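**Q** TSV, C-alpha atoms and all ligand atoms, saved as work_9.tsv, coming up:
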chain	number	residue	atom	x	y	z
A	33	MET	CA	-55.56	-29.78	-73.86
A	34	ALA	CA	-56.11	-31.30	-70.42
A	35	HIS	CA	-54.17	-29.56	-67.67
A	36	LEU	CA	-53.62	-30.45	-64.03
A	37	ASP	CA	-56.35	-28.64	-62.08
A	38	HIS	CA	-56.04	-30.09	-58.60
A	39	ILE	CA	-54.77	-32.91	-56.44
A	40	GLY	CA	-57.29	-34.56	-54.11
A	41	ILE	CA	-56.07	-35.63	-50.67
A	42	ALA	CA	-58.27	-37.72	-48.38
A	43	VAL	CA	-58.10	-36.51	-44.77
A	44	ASP	CA	-59.53	-37.65	-41.44
A	45	ASP	CA	-59.05	-34.50	-39.45
A	46	ALA	CA	-59.37	-31.52	-41.78
A	47	ALA	CA	-58.54	-28.95	-39.09
A	48	ALA	CA	-55.23	-30.66	-38.31
A	49	VAL	CA	-54.35	-30.96	-42.00
A	50	VAL	CA	-55.16	-27.28	-42.57
A	51	GLU	CA	-52.78	-26.35	-39.73
A	52	ARG	CA	-50.11	-28.64	-41.18
A	53	PHE	CA	-50.31	-27.02	-44.63
A	54	ARG	CA	-50.18	-23.59	-43.02
A	55	ALA	CA	-46.93	-24.57	-41.32
A	56	LEU	CA	-45.60	-26.37	-44.41
A	57	LEU	CA	-46.42	-23.89	-47.20
A	58	GLY	CA	-47.95	-20.85	-45.51
A	59	ILE	CA	-51.26	-21.39	-47.34
A	60	ALA	CA	-54.78	-21.78	-46.00
A	61	PRO	CA	-58.07	-22.82	-47.61
A	62	TYR	CA	-59.84	-20.12	-49.56
A	63	LYS	CA	-63.09	-22.05	-49.75
A	64	THR	CA	-64.87	-24.99	-48.22
A	65	GLU	CA	-67.75	-26.71	-49.97
A	66	ALA	CA	-69.83	-29.79	-49.27
A	67	VAL	CA	-70.67	-31.99	-52.26
A	68	ARG	CA	-73.79	-33.92	-51.24
A	69	GLY	CA	-73.69	-36.32	-54.19
A	70	GLN	CA	-70.22	-37.53	-53.13
A	71	GLN	CA	-70.91	-37.17	-49.38
A	72	VAL	CA	-67.73	-35.19	-49.01
A	73	ARG	CA	-66.62	-31.81	-47.72
A	74	THR	CA	-63.86	-30.17	-49.75
A	75	HIS	CA	-61.31	-27.55	-48.69
A	76	PHE	CA	-59.42	-25.80	-51.49
A	77	LEU	CA	-55.87	-24.48	-51.18
A	78	ASP	CA	-54.10	-22.55	-53.90
A	79	ALA	CA	-50.71	-24.15	-54.50
A	80	GLY	CA	-49.76	-21.94	-57.44
A	81	SER	CA	-49.81	-24.05	-60.57
A	82	ALA	CA	-52.57	-26.32	-59.23
A	83	LYS	CA	-55.01	-26.52	-56.33
A	84	LEU	CA	-55.08	-28.96	-53.44
A	85	GLU	CA	-58.51	-30.37	-52.62
A	86	LEU	CA	-58.71	-31.78	-49.10
A	87	LEU	CA	-61.52	-34.35	-48.92
A	88	GLU	CA	-63.36	-35.08	-45.71
A	89	ALA	CA	-65.98	-37.85	-45.55
A	90	LEU	CA	-69.47	-36.71	-44.56
A	91	ALA	CA	-70.97	-40.19	-44.14
A	92	ASP	CA	-69.80	-43.67	-43.15
A	93	ASP	CA	-70.69	-45.11	-46.55
A	94	SER	CA	-69.11	-42.33	-48.62
A	95	PRO	CA	-66.41	-43.29	-51.16
A	96	VAL	CA	-63.85	-41.15	-49.32
A	97	ARG	CA	-64.65	-42.92	-46.00
A	98	ARG	CA	-64.11	-46.30	-47.67
A	99	PHE	CA	-60.83	-45.03	-49.13
A	100	LEU	CA	-59.68	-43.80	-45.69
A	101	ASP	CA	-60.62	-47.11	-44.05
A	102	ARG	CA	-58.61	-49.00	-46.64
A	103	HIS	CA	-55.59	-46.74	-47.20
A	104	GLY	CA	-55.58	-44.11	-44.46
A	105	GLU	CA	-55.00	-40.43	-45.23
A	106	GLY	CA	-53.15	-39.53	-48.40
A	107	LEU	CA	-53.28	-38.97	-52.15
A	108	HIS	CA	-56.82	-39.71	-53.35
A	109	HIS	CA	-56.89	-38.49	-56.96
A	110	VAL	CA	-55.37	-36.20	-59.54
A	111	ALA	CA	-57.74	-34.06	-61.62
A	112	PHE	CA	-57.32	-32.69	-65.13
A	113	GLU	CA	-59.49	-29.89	-66.48
A	114	VAL	CA	-60.79	-30.23	-70.03
A	115	ASP	CA	-62.96	-28.02	-72.24
A	116	ASP	CA	-65.55	-30.65	-73.13
A	117	LEU	CA	-66.08	-33.36	-70.54
A	118	PRO	CA	-68.66	-35.44	-72.47
A	119	ALA	CA	-66.32	-35.54	-75.49
A	120	THR	CA	-63.42	-36.52	-73.22
A	121	MET	CA	-65.51	-39.29	-71.65
A	122	LYS	CA	-66.33	-40.64	-75.09
A	123	ARG	CA	-62.69	-40.52	-76.15
A	124	LEU	CA	-61.67	-42.40	-73.00
A	125	ARG	CA	-64.37	-45.06	-73.41
A	126	ASP	CA	-63.39	-45.54	-77.06
A	127	ALA	CA	-59.79	-46.01	-75.89
A	128	GLY	CA	-60.93	-48.78	-73.54
A	129	PHE	CA	-60.95	-46.94	-70.21
A	130	GLU	CA	-63.52	-47.85	-67.59
A	131	LEU	CA	-65.27	-44.79	-66.13
A	132	LEU	CA	-66.83	-44.79	-62.68
A	133	SER	CA	-70.00	-43.06	-63.93
A	134	GLU	CA	-72.02	-43.10	-67.15
A	135	THR	CA	-72.49	-39.34	-67.20
A	136	PRO	CA	-70.72	-36.27	-65.73
A	137	GLN	CA	-71.41	-35.83	-61.99
A	138	ALA	CA	-71.65	-32.60	-59.97
A	139	GLY	CA	-68.36	-31.94	-58.17
A	140	ALA	CA	-66.98	-29.12	-56.04
A	141	ASP	CA	-65.63	-25.83	-57.43
A	142	ASP	CA	-68.48	-25.46	-60.00
A	143	LYS	CA	-67.19	-28.50	-61.86
A	144	GLN	CA	-68.73	-31.43	-63.67
A	145	ILE	CA	-66.51	-34.43	-63.03
A	146	ALA	CA	-65.86	-38.04	-64.08
A	147	PHE	CA	-63.36	-40.58	-62.76
A	148	VAL	CA	-61.32	-43.25	-64.55
A	149	HIS	CA	-60.95	-46.50	-62.63
A	150	PRO	CA	-57.57	-46.54	-60.83
A	151	LYS	CA	-56.80	-50.12	-61.86
A	152	GLN	CA	-56.25	-48.74	-65.38
A	153	THR	CA	-54.12	-45.80	-64.25
A	154	HIS	CA	-51.50	-47.55	-62.18
A	155	GLY	CA	-53.31	-47.06	-58.91
A	156	VAL	CA	-53.86	-43.30	-59.23
A	157	LEU	CA	-57.56	-42.43	-59.34
A	158	THR	CA	-57.86	-39.91	-62.18
A	159	GLU	CA	-60.55	-37.25	-62.43
A	160	PHE	CA	-61.48	-35.21	-65.47
A	161	CYS	CA	-63.41	-32.01	-64.86
A	162	GLU	CA	-65.03	-29.14	-66.72
A	163	SER	CA	-66.12	-25.81	-65.24
A	164	SER	CA	-69.86	-25.16	-65.36
A	165	GLU	CA	-72.09	-22.21	-64.52
A	166	PRO	CA	-72.04	-21.81	-60.75
A	167	ASP	CA	-75.08	-21.87	-58.50
A	168	TRP	CA	-73.64	-19.31	-56.06
A	169	SER	CA	-76.29	-17.78	-53.87
A	170	PRO	CA	-76.30	-14.01	-53.54
A	171	ARG	CA	-76.61	-11.77	-50.54
A	172	THR	CA	-78.83	-8.78	-51.12
A	173	VAL	CA	-78.08	-5.11	-50.67
A	174	PRO	CA	-80.97	-2.59	-50.56
A	175	ARG	CA	-81.08	-0.32	-53.61
A	176	HIS	CA	-83.83	1.60	-55.38
A	177	ASP	CA	-87.15	0.03	-54.33
A	178	GLY	CA	-85.60	-3.42	-54.22
A	179	HIS	CA	-82.11	-4.78	-53.90
A	180	LEU	CA	-78.86	-5.65	-55.68
A	181	SER	CA	-77.57	-9.23	-55.82
A	182	VAL	CA	-74.01	-9.54	-54.55
A	183	PHE	CA	-71.81	-12.64	-54.70
A	184	GLU	CA	-68.94	-12.93	-52.21
A	185	ARG	CA	-66.16	-15.41	-52.91
A	186	GLY	CA	-62.82	-16.06	-51.24
A	187	THR	CA	-62.11	-15.05	-47.67
A	188	ARG	CA	-62.47	-11.70	-45.98
A	189	ASP	CA	-58.89	-11.65	-44.72
A	190	ARG	CA	-57.72	-11.06	-48.31
A	191	PRO	CA	-57.84	-7.68	-50.10
A	192	SER	CA	-61.38	-6.90	-51.28
A	193	LEU	CA	-61.95	-6.75	-55.03
A	194	LEU	CA	-65.21	-5.59	-56.61
A	195	VAL	CA	-66.00	-7.21	-59.97
A	196	LEU	CA	-68.39	-5.31	-62.27
A	197	HIS	CA	-69.79	-7.10	-65.34
A	198	GLY	CA	-70.70	-5.51	-68.67
A	199	ALA	CA	-74.01	-4.40	-70.22
A	200	ALA	CA	-76.63	-7.19	-70.08
A	201	GLY	CA	-74.18	-9.40	-68.18
A	202	THR	CA	-74.39	-10.98	-64.74
A	203	THR	CA	-71.88	-12.07	-62.14
A	204	ARG	CA	-72.74	-15.77	-62.20
A	205	HIS	CA	-72.84	-16.17	-65.97
A	206	ASP	CA	-70.26	-13.72	-67.23
A	207	ALA	CA	-67.83	-12.85	-64.44
A	208	ALA	CA	-67.65	-16.35	-62.89
A	209	PRO	CA	-64.71	-17.70	-64.96
A	210	LEU	CA	-62.59	-14.70	-63.96
A	211	ILE	CA	-63.81	-14.75	-60.35
A	212	ARG	CA	-62.84	-18.42	-60.04
A	213	ARG	CA	-59.29	-17.43	-60.99
A	214	LEU	CA	-59.17	-14.62	-58.42
A	215	GLU	CA	-61.02	-16.09	-55.44
A	216	SER	CA	-57.93	-17.70	-53.91
A	217	SER	CA	-56.11	-14.34	-53.68
A	218	PHE	CA	-58.94	-11.90	-52.97
A	219	HIS	CA	-62.16	-11.36	-51.10
A	220	VAL	CA	-64.07	-11.10	-54.37
A	221	VAL	CA	-67.35	-9.20	-54.44
A	222	GLY	CA	-69.27	-9.69	-57.70
A	223	VAL	CA	-72.05	-7.12	-58.10
A	224	ASP	CA	-75.07	-7.59	-60.36
A	225	LEU	CA	-75.57	-3.98	-61.44
A	226	SER	CA	-78.99	-2.30	-61.39
A	227	GLY	CA	-81.51	-4.13	-63.59
A	228	HIS	CA	-79.14	-7.07	-64.24
A	229	GLY	CA	-79.87	-10.59	-63.01
A	230	ALA	CA	-82.20	-10.22	-60.03
A	231	SER	CA	-80.97	-6.71	-59.19
A	232	ALA	CA	-83.66	-4.02	-59.18
A	233	LEU	CA	-84.06	-1.44	-61.92
A	234	PRO	CA	-85.06	2.01	-60.67
A	235	ALA	CA	-88.88	1.75	-60.54
A	236	ASP	CA	-89.20	5.11	-62.24
A	237	ALA	CA	-86.75	4.53	-65.06
A	238	ALA	CA	-87.96	7.65	-66.89
A	239	ASN	CA	-86.80	9.94	-64.07
A	240	ALA	CA	-83.88	7.80	-62.94
A	241	PRO	CA	-82.54	6.37	-66.20
A	242	LEU	CA	-79.52	4.10	-66.29
A	243	SER	CA	-76.21	5.94	-66.26
A	244	LEU	CA	-72.57	5.27	-65.43
A	245	ASP	CA	-73.09	7.32	-62.27
A	246	LEU	CA	-76.01	5.12	-61.22
A	247	PHE	CA	-73.92	1.97	-61.73
A	248	ALA	CA	-71.03	3.60	-59.81
A	249	GLU	CA	-73.47	4.28	-56.97
A	250	ASP	CA	-74.45	0.59	-57.07
A	251	ALA	CA	-70.82	-0.22	-56.31
A	252	ARG	CA	-70.71	2.34	-53.50
A	253	ALA	CA	-73.94	0.97	-52.00
A	254	VAL	CA	-72.32	-2.48	-51.94
A	255	LEU	CA	-69.15	-1.14	-50.27
A	256	ASP	CA	-71.35	0.54	-47.63
A	257	ALA	CA	-73.49	-2.55	-47.03
A	258	LEU	CA	-70.44	-4.79	-46.66
A	259	GLU	CA	-68.77	-2.19	-44.44
A	260	LEU	CA	-65.77	-1.98	-46.74
A	261	PRO	CA	-64.04	1.41	-46.44
A	262	SER	CA	-62.44	0.78	-49.83
A	263	ALA	CA	-61.76	-1.96	-52.35
A	264	HIS	CA	-59.92	-2.62	-55.57
A	265	VAL	CA	-62.25	-2.61	-58.55
A	266	VAL	CA	-62.17	-4.46	-61.86
A	267	GLY	CA	-64.81	-3.72	-64.46
A	268	PHE	CA	-65.51	-5.14	-67.90
A	269	SER	CA	-66.76	-2.78	-70.65
A	270	LEU	CA	-69.73	-0.92	-69.05
A	271	GLY	CA	-68.46	-2.12	-65.64
A	272	GLY	CA	-65.10	-0.49	-66.43
A	273	GLY	CA	-66.86	2.81	-67.12
A	274	ALA	CA	-68.70	2.50	-63.82
A	275	ALA	CA	-65.39	1.79	-62.06
A	276	LEU	CA	-63.86	4.96	-63.52
A	277	ARG	CA	-66.89	7.00	-62.38
A	278	LEU	CA	-66.70	5.48	-58.90
A	279	ALA	CA	-63.03	6.44	-58.66
A	280	HIS	CA	-63.92	10.01	-59.65
A	281	MET	CA	-66.99	10.38	-57.40
A	282	HIS	CA	-65.59	8.56	-54.34
A	283	PRO	CA	-61.80	8.46	-54.72
A	284	GLY	CA	-61.29	7.35	-51.12
A	285	ARG	CA	-63.33	4.21	-51.68
A	286	VAL	CA	-61.16	2.83	-54.50
A	287	GLY	CA	-57.72	1.25	-54.16
A	288	ARG	CA	-56.44	0.11	-57.51
A	289	LEU	CA	-58.49	-0.14	-60.69
A	290	ALA	CA	-58.54	-2.43	-63.68
A	291	VAL	CA	-60.70	-1.73	-66.71
A	292	LEU	CA	-61.14	-4.45	-69.28
A	293	GLN	CA	-62.27	-3.83	-72.88
A	294	THR	CA	-63.70	-0.49	-71.87
A	295	ASN	CA	-64.30	2.40	-74.23
A	296	ALA	CA	-64.18	5.89	-72.75
A	297	HIS	CA	-64.42	7.88	-75.98
A	298	TRP	CA	-67.88	7.11	-77.36
A	299	THR	CA	-68.94	8.21	-80.81
A	300	ALA	CA	-72.39	8.03	-82.39
A	301	SER	CA	-71.21	5.05	-84.41
A	302	HIS	CA	-70.09	3.18	-81.26
A	303	ALA	CA	-73.55	3.84	-79.82
A	304	ARG	CA	-75.29	2.54	-82.93
A	305	ARG	CA	-73.23	-0.65	-82.94
A	306	MET	CA	-73.91	-1.24	-79.26
A	307	GLN	CA	-77.63	-0.61	-79.77
A	308	ALA	CA	-77.72	-3.23	-82.49
A	309	ARG	CA	-76.35	-5.75	-80.01
A	310	LEU	CA	-79.06	-4.81	-77.52
A	311	ASP	CA	-82.04	-5.93	-79.54
A	312	LEU	CA	-83.80	-8.99	-78.15
A	313	ASP	CA	-86.02	-9.52	-81.20
A	314	GLY	CA	-83.16	-9.15	-83.67
A	315	LEU	CA	-81.07	-11.39	-81.48
A	316	ALA	CA	-83.80	-14.03	-81.33
A	317	ALA	CA	-83.65	-14.26	-85.13
A	318	ARG	CA	-79.85	-14.03	-85.42
A	319	ALA	CA	-78.65	-15.98	-82.37
A	320	PRO	CA	-81.63	-17.67	-80.69
A	321	GLY	CA	-79.45	-19.32	-78.04
A	322	ARG	CA	-78.02	-15.99	-76.92
A	323	ALA	CA	-81.48	-14.38	-76.80
A	324	GLU	CA	-82.77	-17.33	-74.78
A	325	ARG	CA	-79.91	-17.01	-72.29
A	326	LEU	CA	-80.49	-13.26	-71.92
A	327	ARG	CA	-84.15	-13.94	-71.11
A	328	ALA	CA	-83.26	-16.63	-68.59
A	329	ARG	CA	-80.60	-14.63	-66.77
A	330	HIS	CA	-82.47	-11.43	-65.99
A	331	ASP	CA	-85.65	-11.00	-63.98
A	332	ALA	CA	-86.94	-8.31	-66.35
A	333	PRO	CA	-85.04	-8.78	-69.63
A	334	ASP	CA	-87.32	-6.62	-71.77
A	335	ARG	CA	-87.22	-3.65	-69.38
A	336	LEU	CA	-83.47	-4.05	-68.97
A	337	VAL	CA	-82.75	-4.12	-72.69
A	338	ARG	CA	-85.06	-1.14	-73.27
A	339	ALA	CA	-83.30	0.80	-70.53
A	340	LEU	CA	-79.85	-0.17	-71.84
A	341	ARG	CA	-80.72	0.91	-75.39
A	342	LYS	CA	-81.70	4.33	-74.04
A	343	PHE	CA	-78.57	4.41	-71.88
A	344	VAL	CA	-76.31	3.71	-74.85
A	345	THR	CA	-77.65	6.76	-76.72
A	346	THR	CA	-76.53	8.94	-73.79
A	347	LEU	CA	-72.96	7.62	-73.88
A	348	PRO	CA	-71.43	9.94	-76.49
A	349	ASP	CA	-72.36	12.91	-74.22
A	350	ALA	CA	-71.69	11.09	-70.94
A	351	SER	CA	-68.27	10.04	-72.16
A	352	ASP	CA	-67.29	13.70	-72.66
A	353	THR	CA	-67.88	14.18	-68.93
A	354	LEU	CA	-66.02	10.97	-68.14
A	355	VAL	CA	-63.04	11.84	-70.31
A	356	GLN	CA	-62.68	15.27	-68.65
A	357	THR	CA	-62.19	13.57	-65.29
A	358	LEU	CA	-59.62	11.00	-66.42
A	359	PRO	CA	-56.50	13.21	-65.98
A	360	ASP	CA	-57.41	13.56	-62.27
A	361	LEU	CA	-57.81	9.84	-61.55
A	362	ASP	CA	-54.61	8.93	-59.79
A	363	ALA	CA	-55.57	5.39	-58.72
A	364	PRO	CA	-53.08	2.94	-60.25
A	365	THR	CA	-55.05	1.54	-63.17
A	366	LEU	CA	-54.52	-1.42	-65.44
A	367	VAL	CA	-56.14	-0.88	-68.83
A	368	ALA	CA	-56.53	-4.14	-70.71
A	369	GLY	CA	-57.90	-4.63	-74.21
A	370	LEU	CA	-58.03	-7.35	-76.83
A	371	ASP	CA	-56.30	-6.68	-80.14
A	372	GLN	CA	-59.28	-7.87	-82.20
A	373	ASP	CA	-62.17	-6.89	-79.95
A	374	PRO	CA	-65.03	-6.45	-82.46
A	375	LEU	CA	-66.39	-3.41	-80.58
A	376	PHE	CA	-63.51	-1.58	-78.92
A	377	GLY	CA	-60.08	-2.76	-80.00
A	378	ARG	CA	-56.55	-1.64	-79.36
A	379	ALA	CA	-57.36	2.01	-80.12
A	380	SER	CA	-59.94	2.23	-77.30
A	381	ALA	CA	-57.55	0.68	-74.80
A	382	ARG	CA	-54.69	2.91	-75.89
A	383	SER	CA	-56.67	6.17	-75.79
A	384	LEU	CA	-58.04	5.33	-72.34
A	385	HIS	CA	-54.55	4.42	-71.15
A	386	ASP	CA	-53.10	7.65	-72.56
A	387	ALA	CA	-55.76	9.77	-70.84
A	388	LEU	CA	-54.98	8.37	-67.37
A	389	PRO	CA	-52.01	9.70	-65.40
A	390	ASN	CA	-51.16	6.47	-63.58
A	391	ALA	CA	-52.06	3.62	-65.90
A	392	ARG	CA	-50.42	0.55	-67.37
A	393	LEU	CA	-51.54	-0.93	-70.67
A	394	ALA	CA	-52.00	-4.58	-71.64
A	395	VAL	CA	-53.19	-5.59	-75.10
A	396	LEU	CA	-53.88	-9.31	-75.26
A	397	PRO	CA	-54.73	-11.45	-78.25
A	398	GLY	CA	-58.45	-12.11	-78.59
A	399	ASP	CA	-61.41	-11.42	-80.83
A	400	THR	CA	-64.52	-11.39	-78.61
A	401	HIS	CA	-66.29	-8.77	-76.57
A	402	SER	CA	-67.51	-11.10	-73.86
A	403	LEU	CA	-66.36	-11.39	-70.27
A	404	SER	CA	-67.29	-15.07	-70.10
A	405	ARG	CA	-64.99	-15.76	-73.06
A	406	ALA	CA	-62.18	-13.38	-72.05
A	407	PRO	CA	-58.68	-14.92	-71.92
A	408	THR	CA	-58.76	-15.49	-68.15
A	409	ASP	CA	-55.56	-17.58	-68.24
A	410	LEU	CA	-53.73	-14.44	-69.35
A	411	LEU	CA	-55.79	-11.89	-67.44
A	412	ALA	CA	-55.83	-13.50	-64.00
A	413	PRO	CA	-52.07	-13.29	-63.33
A	414	LEU	CA	-51.95	-9.73	-64.74
A	415	LEU	CA	-54.77	-8.67	-62.43
A	416	THR	CA	-53.32	-10.45	-59.41
A	417	ASN	CA	-49.94	-8.78	-59.93
A	418	HIS	CA	-51.56	-5.40	-60.47
A	419	PHE	CA	-53.77	-5.52	-57.39
A	420	LEU	CA	-51.25	-7.13	-55.07
A	421	GLY	CA	-48.28	-5.18	-56.42
A	422	ALA	CA	-46.32	-2.86	-54.16
B	1	CO	CO	-61.41	-33.53	-57.35
Transcribe the structure of this file into structure tokens.
Ligand code: CO
**A**
Amino acid sequence: MAHLDHIGIAVDDAAAVVERFRALLGIAPYKTEAVRGQQVRTHFLDAGSAKLELLEALADDSPVRRFLDRHGEGLHHVAFEVDDLPATMKRLRDAGFELLSETPQAGADDKQIAFVHPKQTHGVLTEFCESSEPDWSPRTVPRHDGHLSVFERGTRDRPSLLVLHGAAGTTRHDAAPLIRRLESSFHVVGVDLSGHGASALPADAANAPLSLDLFAEDARAVLDALELPSAHVVGFSLGGGAALRLAHMHPGRVGRLAVLQTNAHWTASHARRMQARLDLDGLAARAPGRAERLRARHDAPDRLVRALRKFVTTLPDASDTLVQTLPDLDAPTLVAGLDQDPLFGRASARSLHDALPNARLAVLPGDTHSLSRAPTDLLAPLLTNHFLGA
């Protein structure tokens, strides 16, 4: 169902409007983005149930400039997010609505957008939007013989929150939906772990194989490079394991923790199931689209998958070490699982929760093991409360 995503307000003097909203509501923009196609600069404010999008014209012939010349500052459009924008556009056309573009256009906030003509909506320009994969550009942090890719979102005056994706995931493709829900409240730092995306694998993978400790050291290297004494950390699956190791190895560097769909008690059968998922050739036959995406998202997909398959076989032993340290981890930790996670369900979440001295447990409805398809509507407020809680 379409839901109100944001309200667009055309402004002449963005700095003055920002000051006014600070005085009015105590909120300030958490991001500013130019959209070249629309010749507009946007400033996003989080107003709780929806966002405000301040729109500043970047050129004299931009649509927002024409709007300002005609109407002055004020309400420009309301925007509703939908799951399938092309299908929504077809439905609207079939219902007789006139759209301002034939196809979805690139908007701000990683959205594809389309407008309905305001003459058919009682004078209120109406936008429909759908989130798309972001083209965030990384900063790089030296690591191994190369670097890690790191994506910073939100503003640095907010609490820092490291986001660690799962095995064979990346920040931009897997963690982005969650990050978009957190970037108004946190200085979010998404880390592409060693070997993932464009991040370097250890050159000598035989002597420095992948391990939870190595991924935890990735996170510490990022904290060092960004000069962050400490940060909250949220990790999904493998990223959750790395977060727990980081909290054990460098307790002073971690504030609060959240581990999502993470298994700490690995058995040989868990390892076999995970290995089966990490098989590019098998995947190409079974789910060609997924195999194709894996190849596109990582610089060295074959080396990464080989290294991960080896890594998974070490997990039953490595998890013994991990589990021994859990009773000493006193960072407040939110353990969240999905009741029908096909890999690690309720039992994994509960046993991890029970092993930690200072943990809260959330079991949410869901049946995937995929950060990009996690129930972010439910997770985001839980995480925000957990990390910002007293
Ligand atoms: Co908009």
**Q** Quick one: distance from atom CA of A:Leu100 to atom CA of A:Gln152 in Å, one decimal?
**A**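 It comes out at 20.6 Å.
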**Q** Mind listing the residues within 9 Å of ligand CO 1 (chain B), all atoms listed in the file counted, as a PDB file with C-alpha atoms, in the coordinates of the input?
**A**
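See pocket_9.pdb below for the written result:
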ATOM      1  CA  ASP A  37     -56.350 -28.640 -62.080  1.00  0.00           C
ATOM      2  CA  HIS A  38     -56.040 -30.090 -58.600  1.00  0.00           C
ATOM      3  CA  ILE A  39     -54.770 -32.910 -56.440  1.00  0.00           C
ATOM      4  CA  GLY A  40     -57.290 -34.560 -54.110  1.00  0.00           C
ATOM      5  CA  ILE A  41     -56.070 -35.630 -50.670  1.00  0.00           C
ATOM      6  CA  THR A  74     -63.860 -30.170 -49.750  1.00  0.00           C
ATOM      7  CA  LEU A  84     -55.080 -28.960 -53.440  1.00  0.00           C
ATOM      8  CA  GLU A  85     -58.510 -30.370 -52.620  1.00  0.00           C
ATOM      9  CA  LEU A  86     -58.710 -31.780 -49.100  1.00  0.00           C
ATOM     10  CA  LEU A  87     -61.520 -34.350 -48.920  1.00  0.00           C
ATOM     11  CA  HIS A 108     -56.820 -39.710 -53.350  1.00  0.00           C
ATOM     12  CA  HIS A 109     -56.890 -38.490 -56.960  1.00  0.00           C
ATOM     13  CA  VAL A 110     -55.370 -36.200 -59.540  1.00  0.00           C
ATOM     14  CA  ALA A 111     -57.740 -34.060 -61.620  1.00  0.00           C
ATOM     15  CA  PHE A 112     -57.320 -32.690 -65.130  1.00  0.00           C
ATOM     16  CA  GLY A 139     -68.360 -31.940 -58.170  1.00  0.00           C
ATOM     17  CA  ALA A 140     -66.980 -29.120 -56.040  1.00  0.00           C
ATOM     18  CA  ASP A 141     -65.630 -25.830 -57.430  1.00  0.00           C
ATOM     19  CA  LYS A 143     -67.190 -28.500 -61.860  1.00  0.00           C
ATOM     20  CA  ILE A 145     -66.510 -34.430 -63.030  1.00  0.00           C
ATOM     21  CA  THR A 158     -57.860 -39.910 -62.180  1.00  0.00           C
ATOM     22  CA  GLU A 159     -60.550 -37.250 -62.430  1.00  0.00           C
ATOM     23  CA  PHE A 160     -61.480 -35.210 -65.470  1.00  0.00           C
ATOM     24  CA  CYS A 161     -63.410 -32.010 -64.860  1.00  0.00           C
TER      25      CYS A 161
END
**Q** Which residues are near A:Asp177? Cut-off 9 Å, only C-alpha atoms, ignore same chain within fewer than 3 positions. Put them as a PyMOL selection string.
**A** chain A and resi 174+232-235
**Q** Using all atoms listed in the file, which of the listed residues (A:Pro136, A:Arg98, A:Val148, A:Val221) sits closest to A:Ala257?
**A**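 Comparing A:Pro136, A:Arg98, A:Val148, A:Val221 against A:Ala257, the winner is A:Val221.
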**Q** Considering all atoms listed in the file, can you say which of A:Ala350, A:Ala394, A:Ala300, A:Val43 comes closest to A:Leu370?
**A**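 For A:Leu370, the nearest of the given residues is A:Ala394.
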**Q** Stretch 286-288 of chain A: which residues within 8 Å, counting all atoms listed in the file, same-chain residues fewer than 2 positions away excluded, as a list of chain:residue names?
**A**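 Residues meeting the cut-off are A:Ser262, A:Ala263, A:His264, A:Val265, A:Leu278, A:Ala279, A:His282, A:Pro283, A:Gly284, A:Ala290, A:Ala363, A:Pro364, A:Thr365, A:His418, A:Phe419.
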